[in-house]
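Listing of model.cif, mmCIF, C-alpha atoms
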```cif
data_upload
loop_
_atom_site.group_PDB
_atom_site.id
_atom_site.type_symbol
_atom_site.label_atom_id
_atom_site.label_comp_id
_atom_site.auth_asym_id
_atom_site.auth_seq_id
_atom_site.Cartn_x
_atom_site.Cartn_y
_atom_site.Cartn_z
ATOM 1 C CA MET A 913 58.893 -11.697 18.857
ATOM 2 C CA GLU A 914 59.027 -9.112 16.044
ATOM 3 C CA LYS A 915 55.948 -10.675 14.477
ATOM 4 C CA LYS A 916 53.971 -10.416 17.735
ATOM 5 C CA ARG A 917 54.881 -6.715 18.085
ATOM 6 C CA LEU A 918 53.720 -6.045 14.566
ATOM 7 C CA ILE A 919 50.391 -7.825 15.187
ATOM 8 C CA VAL A 920 49.828 -5.901 18.463
ATOM 9 C CA PHE A 921 50.711 -2.616 16.757
ATOM 10 C CA LEU A 922 48.355 -3.426 13.874
ATOM 11 C CA LEU A 923 45.512 -4.326 16.262
ATOM 12 C CA ILE A 924 45.958 -1.092 18.230
ATOM 13 C CA PHE A 925 46.036 0.915 14.992
ATOM 14 C CA LEU A 926 42.853 -0.767 13.717
ATOM 15 C CA ALA A 927 41.088 -0.225 17.056
ATOM 16 C CA LEU A 928 41.992 3.486 17.067
ATOM 17 C CA ALA A 929 40.920 3.865 13.437
ATOM 18 C CA PHE A 930 37.602 2.157 14.224
ATOM 19 C CA ILE A 931 37.010 4.411 17.249
ATOM 20 C CA ALA A 932 37.795 7.501 15.141
ATOM 21 C CA PHE A 933 35.316 6.289 12.513
ATOM 22 C CA LEU A 934 32.605 5.775 15.138
ATOM 23 C CA GLU A 935 33.177 9.244 16.595
ATOM 24 C CA LYS A 936 33.022 10.831 13.131
ATOM 25 C CA THR A 937 29.715 9.117 12.329
ATOM 26 C CA GLY A 938 28.227 10.183 15.659
ATOM 27 C CA TYR A 939 28.053 6.694 17.121
ATOM 28 C CA PHE A 940 29.389 8.003 20.415
ATOM 29 C CA VAL A 941 26.511 10.265 21.343
ATOM 30 C CA LYS A 942 27.488 13.872 21.753
ATOM 31 C CA LYS A 943 25.223 15.963 23.935
ATOM 32 C CA ASP A 944 25.191 19.754 24.041
ATOM 33 C CA VAL A 945 23.191 22.160 26.161
ATOM 34 C CA MET A 946 21.910 25.232 24.310
ATOM 35 C CA VAL A 947 19.172 27.858 24.668
ATOM 36 C CA VAL A 948 16.230 27.885 22.239
ATOM 37 C CA LYS A 949 15.700 31.334 20.734
ATOM 38 C CA ARG A 950 12.468 30.695 18.818
ATOM 39 C CA VAL A 951 10.259 27.908 17.537
ATOM 40 C CA ILE A 952 9.691 27.846 13.765
ATOM 41 C CA ASP A 953 7.088 25.067 13.541
ATOM 42 C CA GLY A 954 6.127 21.845 15.302
ATOM 43 C CA ASP A 955 9.451 20.092 14.671
ATOM 44 C CA THR A 956 11.998 22.874 14.072
ATOM 45 C CA PHE A 957 13.477 25.637 16.197
ATOM 46 C CA GLU A 958 16.364 28.099 16.227
ATOM 47 C CA LEU A 959 19.067 28.233 18.886
ATOM 48 C CA GLU A 960 20.541 31.432 20.335
ATOM 49 C CA ASN A 961 23.653 30.860 18.189
ATOM 50 C CA GLY A 962 21.490 31.030 15.028
ATOM 51 C CA LYS A 963 21.652 27.315 14.176
ATOM 52 C CA ARG A 964 18.376 25.609 13.335
ATOM 53 C CA VAL A 965 17.457 22.259 14.848
ATOM 54 C CA ARG A 966 15.136 19.652 13.282
ATOM 55 C CA LEU A 967 13.763 17.149 15.776
ATOM 56 C CA LEU A 968 14.631 13.565 14.911
ATOM 57 C CA GLY A 969 12.092 10.768 14.686
ATOM 58 C CA ILE A 970 9.050 12.965 14.151
ATOM 59 C CA GLU A 971 7.065 14.817 11.505
ATOM 60 C CA ALA A 972 4.736 17.558 12.742
ATOM 61 C CA PRO A 973 2.000 19.158 10.618
ATOM 62 C CA GLU A 974 3.177 21.853 8.201
ATOM 63 C CA LYS A 975 1.647 25.308 7.858
ATOM 64 C CA ASN A 976 -1.947 25.155 6.561
ATOM 65 C CA GLU A 977 -2.283 21.537 7.691
ATOM 66 C CA PHE A 978 -4.563 20.261 10.434
ATOM 67 C CA TYR A 979 -3.064 20.667 13.921
ATOM 68 C CA PHE A 980 -0.159 22.902 12.789
ATOM 69 C CA GLU A 981 -0.845 25.671 15.325
ATOM 70 C CA GLU A 982 -1.350 23.229 18.176
ATOM 71 C CA ALA A 983 1.903 21.368 17.431
ATOM 72 C CA MET A 984 3.914 24.572 17.080
ATOM 73 C CA ASN A 985 2.468 26.061 20.270
ATOM 74 C CA GLU A 986 3.190 22.897 22.231
ATOM 75 C CA LEU A 987 6.816 22.891 21.092
ATOM 76 C CA LYS A 988 7.023 26.586 22.067
ATOM 77 C CA ARG A 989 5.629 25.802 25.503
ATOM 78 C CA LEU A 990 8.169 23.029 25.991
ATOM 79 C CA VAL A 991 11.401 24.619 24.713
ATOM 80 C CA GLU A 992 11.266 28.302 23.772
ATOM 81 C CA GLY A 993 13.613 30.381 25.918
ATOM 82 C CA LYS A 994 14.824 27.295 27.781
ATOM 83 C CA LYS A 995 18.098 25.392 27.998
ATOM 84 C CA VAL A 996 17.724 22.112 26.163
ATOM 85 C CA LEU A 997 19.921 19.054 25.894
ATOM 86 C CA LEU A 998 20.595 18.156 22.252
ATOM 87 C CA GLU A 999 21.526 14.536 21.450
ATOM 88 C CA LYS A 1000 22.971 13.471 18.093
ATOM 89 C CA ASP A 1001 22.207 10.310 16.190
ATOM 90 C CA LEU A 1002 24.339 8.921 13.338
ATOM 91 C CA VAL A 1003 23.769 11.779 10.866
ATOM 92 C CA SER A 1004 24.296 15.195 12.413
ATOM 93 C CA GLU A 1005 22.813 17.566 9.794
ATOM 94 C CA ASP A 1006 20.248 17.461 7.000
ATOM 95 C CA LYS A 1007 20.656 18.793 3.458
ATOM 96 C CA TYR A 1008 19.406 22.223 4.624
ATOM 97 C CA GLY A 1009 22.177 22.528 7.223
ATOM 98 C CA ARG A 1010 19.818 22.014 10.169
ATOM 99 C CA LEU A 1011 21.119 20.068 13.156
ATOM 100 C CA LEU A 1012 19.272 16.767 13.562
ATOM 101 C CA ARG A 1013 18.747 16.103 17.260
ATOM 102 C CA HIS A 1014 16.791 14.400 19.995
ATOM 103 C CA ILE A 1015 15.776 17.075 22.521
ATOM 104 C CA PHE A 1016 15.456 16.825 26.297
ATOM 105 C CA VAL A 1017 14.210 19.559 28.647
ATOM 106 C CA ASP A 1018 13.171 19.405 32.297
ATOM 107 C CA GLY A 1019 13.250 15.599 32.256
ATOM 108 C CA ILE A 1020 11.044 15.379 29.133
ATOM 109 C CA PHE A 1021 12.136 13.663 25.917
ATOM 110 C CA VAL A 1022 10.498 16.309 23.715
ATOM 111 C CA ASN A 1023 10.487 14.360 20.427
ATOM 112 C CA LEU A 1024 8.808 11.355 22.039
ATOM 113 C CA TYR A 1025 6.397 13.547 24.027
ATOM 114 C CA LEU A 1026 5.139 15.186 20.811
ATOM 115 C CA VAL A 1027 4.395 11.773 19.265
ATOM 116 C CA GLU A 1028 2.857 10.379 22.472
ATOM 117 C CA ASN A 1029 0.452 13.294 22.680
ATOM 118 C CA GLY A 1030 -0.579 13.445 19.022
ATOM 119 C CA PHE A 1031 1.300 16.604 18.036
ATOM 120 C CA ALA A 1032 3.431 14.680 15.497
ATOM 121 C CA ASN A 1033 3.777 11.275 13.891
ATOM 122 C CA ALA A 1034 6.803 8.995 13.999
ATOM 123 C CA TYR A 1035 9.080 9.658 11.028
ATOM 124 C CA PHE A 1036 12.534 8.198 10.438
ATOM 125 C CA VAL A 1037 15.161 8.862 7.803
ATOM 126 C CA GLU A 1038 17.965 6.347 7.440
ATOM 127 C CA PRO A 1039 20.314 5.857 9.261
ATOM 128 C CA ASN A 1040 18.910 7.770 12.271
ATOM 129 C CA PHE A 1041 16.896 4.995 13.929
ATOM 130 C CA LYS A 1042 17.706 5.582 17.587
ATOM 131 C CA TYR A 1043 14.572 5.174 19.755
ATOM 132 C CA TYR A 1044 12.684 3.739 16.727
ATOM 133 C CA SER A 1045 10.585 1.224 18.672
ATOM 134 C CA LYS A 1046 9.695 3.785 21.364
ATOM 135 C CA PHE A 1047 8.376 6.190 18.733
ATOM 136 C CA LEU A 1048 6.313 3.520 16.977
ATOM 137 C CA GLU A 1049 4.769 2.413 20.264
ATOM 138 C CA ALA A 1050 3.996 6.034 21.225
ATOM 139 C CA GLU A 1051 2.389 6.670 17.825
ATOM 140 C CA LYS A 1052 0.252 3.540 18.084
ATOM 141 C CA ASN A 1053 -0.961 4.642 21.524
ATOM 142 C CA ALA A 1054 -1.818 8.137 20.245
ATOM 143 C CA ILE A 1055 -3.723 6.619 17.301
ATOM 144 C CA ASP A 1056 -5.602 4.265 19.618
ATOM 145 C CA ARG A 1057 -6.520 7.188 21.886
ATOM 146 C CA LYS A 1058 -7.502 9.320 18.823
ATOM 147 C CA ILE A 1059 -5.728 12.403 20.127
ATOM 148 C CA GLY A 1060 -4.165 15.348 18.337
ATOM 149 C CA ILE A 1061 -3.502 14.643 14.679
ATOM 150 C CA TRP A 1062 -5.209 11.271 15.111
ATOM 151 C CA LYS A 1063 -8.621 12.645 16.074
ATOM 152 C CA SER A 1064 -11.575 10.792 14.603
ATOM 153 C CA GLU A 1065 -12.505 11.543 10.987
ATOM 154 C CA SER A 1066 -15.885 12.785 12.212
ATOM 155 C CA HIS A 1067 -13.941 15.769 13.502
ATOM 156 C CA TYR A 1068 -13.390 16.742 9.860
ATOM 157 C CA SER A 1069 -16.991 16.423 8.734
ATOM 158 C CA ASP A 1070 -17.475 20.207 8.733
ATOM 159 C CA CYS A 1071 -14.621 20.477 6.231
ATOM 160 C CA ILE A 1072 -16.108 18.173 3.577
ATOM 161 C CA LYS A 1073 -18.919 19.586 1.438
ATOM 162 C CA LEU A 1074 -20.929 17.765 -1.198
ATOM 163 C CA VAL A 1075 -20.536 19.618 -4.493
ATOM 164 C CA ASP A 1076 -22.194 17.238 -6.938
ATOM 165 C CA PHE A 1077 -24.112 13.951 -6.768
ATOM 166 C CA LYS A 1078 -25.400 12.055 -9.850
ATOM 167 C CA TYR A 1079 -27.028 8.668 -9.663
ATOM 168 C CA LYS A 1080 -29.054 7.997 -12.850
ATOM 169 C CA LYS A 1081 -26.678 5.900 -15.011
ATOM 170 C CA SER A 1082 -23.889 5.513 -12.484
ATOM 171 C CA GLU A 1083 -23.010 7.061 -9.184
ATOM 172 C CA HIS A 1084 -20.802 10.127 -9.272
ATOM 173 C CA VAL A 1085 -19.958 12.129 -6.162
ATOM 174 C CA THR A 1086 -17.826 15.276 -6.000
ATOM 175 C CA LEU A 1087 -16.640 16.416 -2.598
ATOM 176 C CA LYS A 1088 -14.723 19.574 -1.712
ATOM 177 C CA ASN A 1089 -12.440 20.213 1.257
ATOM 178 C CA ILE A 1090 -13.187 23.762 2.469
ATOM 179 C CA CYS A 1091 -10.665 23.689 5.340
ATOM 180 C CA ASN A 1092 -7.096 24.945 5.055
ATOM 181 C CA PHE A 1093 -5.469 21.562 5.736
ATOM 182 C CA SER A 1094 -5.332 18.222 3.953
ATOM 183 C CA ILE A 1095 -7.721 15.462 4.912
ATOM 184 C CA ASN A 1096 -7.249 11.773 4.152
ATOM 185 C CA ILE A 1097 -10.692 10.275 3.490
ATOM 186 C CA THR A 1098 -9.428 6.761 2.754
ATOM 187 C CA GLY A 1099 -11.834 4.306 4.341
ATOM 188 C CA TRP A 1100 -14.687 6.782 4.811
ATOM 189 C CA LYS A 1101 -18.176 5.403 4.286
#
```
As structure tokens, the full file:
Amino acid sequence: MEKKRLIVFLLIFLALAFIAFLEKTGYFVKKDVMVVKRVIDGDTFELENGKRVRLLGIEAPEKNEFYFEEAMNELKRLVEGKKVLLEKDLVSEDKYGRLLRHIFVDGIFVNLYLVENGFANAYFVEPNFKYYSKFLEAEKNAIDRKIGIWKSESHYSDCIKLVDFKYKKSEHVTLKNICNFSINITGWK
């Protein structure tokens, strides 16, 4: 009888320790409702309490990159001055002290919406992989539709200027990007 009590006690202790571990790592999703004070860029904003929030699962264009203004303005339209629901994943903060969250407002999953509509690409940092397959599917659809950051390369043709072209002994071409954002010309012909 004493042995059975000890086993039951040990099992209860292990279960409670496991639950405490899961809560500490954020496995049990914690949701908060807060008001967005201001949007910083296409994937970061500041709450009224001064804490900064970095949207999980996405990477929006940075300043001086193509589609930066559009991505930032869309995030502003969606969340600035509004109450938002913040959902944790496994890791709660990044190395800069920003909260890492999935954001919901007015029935819209903001992170996913930004990827679906070409304002950001899917971007995951281990171990925060919640909604991974949804983001990849949304990104593929945005790429297929060539919207937002995925617009056709021909859209960039005004940015690329021919600087030098030599063809006597061997071909040599020098191109210059005159726009204020990076352009990937891999696969151009």
Find the residue from A:Ile1095, A:Lys995, A:Lys1007, A:Gly954 that sits nearest to Ile1072 (chain A); use all atoms listed in the file when measuring. A:Ile1095
Check the smallest atom-to-atom distance from each of A:Ala927, A:Asp1001, A:Arg1010, A:Leu918 to Phe957 (chain A) using only C-alpha atoms, then report the winner.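 Nearest to Phe957 (chain A): A:Arg1010.
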Tell me, counting only C-alpha atoms, for each residue of region 1005-1049 of chain A within 12 Å of region 1055-1061 of chain A, which pair of atoms is nearest and how far apart they are in Å to one decimal, in rows ordered by chain and increasing number, as a Markdown table.
```
| residue | atom | partner | partner_atom | distance |
| --- | --- | --- | --- | --- |
| A:Leu1026 | CA | A:Gly1060 | CA | 9.6 |
| A:Val1027 | CA | A:Gly1060 | CA | 9.3 |
| A:Glu1028 | CA | A:Ile1059 | CA | 9.1 |
| A:Asn1029 | CA | A:Gly1060 | CA | 6.7 |
| A:Gly1030 | CA | A:Gly1060 | CA | 4.1 |
| A:Phe1031 | CA | A:Gly1060 | CA | 5.6 |
| A:Ala1032 | CA | A:Ile1061 | CA | 7.0 |
| A:Asn1033 | CA | A:Ile1061 | CA | 8.1 |
| A:Ala1034 | CA | A:Ile1055 | CA | 11.3 |
| A:Leu1048 | CA | A:Ile1055 | CA | 10.5 |
| A:Glu1049 | CA | A:Ile1055 | CA | 9.9 |
```
Nearest to Glu971 (chain A) by atom-to-atom distance, counting all atoms listed in the file, from A:Ser1045, A:Asn1040, A:Asn1053, A:Thr956: A:Thr956
Considering all atoms listed in the file, can you say which of A:Ile919, A:Leu1012, A:Val1003, A:Leu928 comes closest to Asp955 (chain A)?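 Checking each of A:Ile919, A:Leu1012, A:Val1003, A:Leu928 against Asp955 (chain A), counting all atoms listed in the file, the winner is A:Leu1012.
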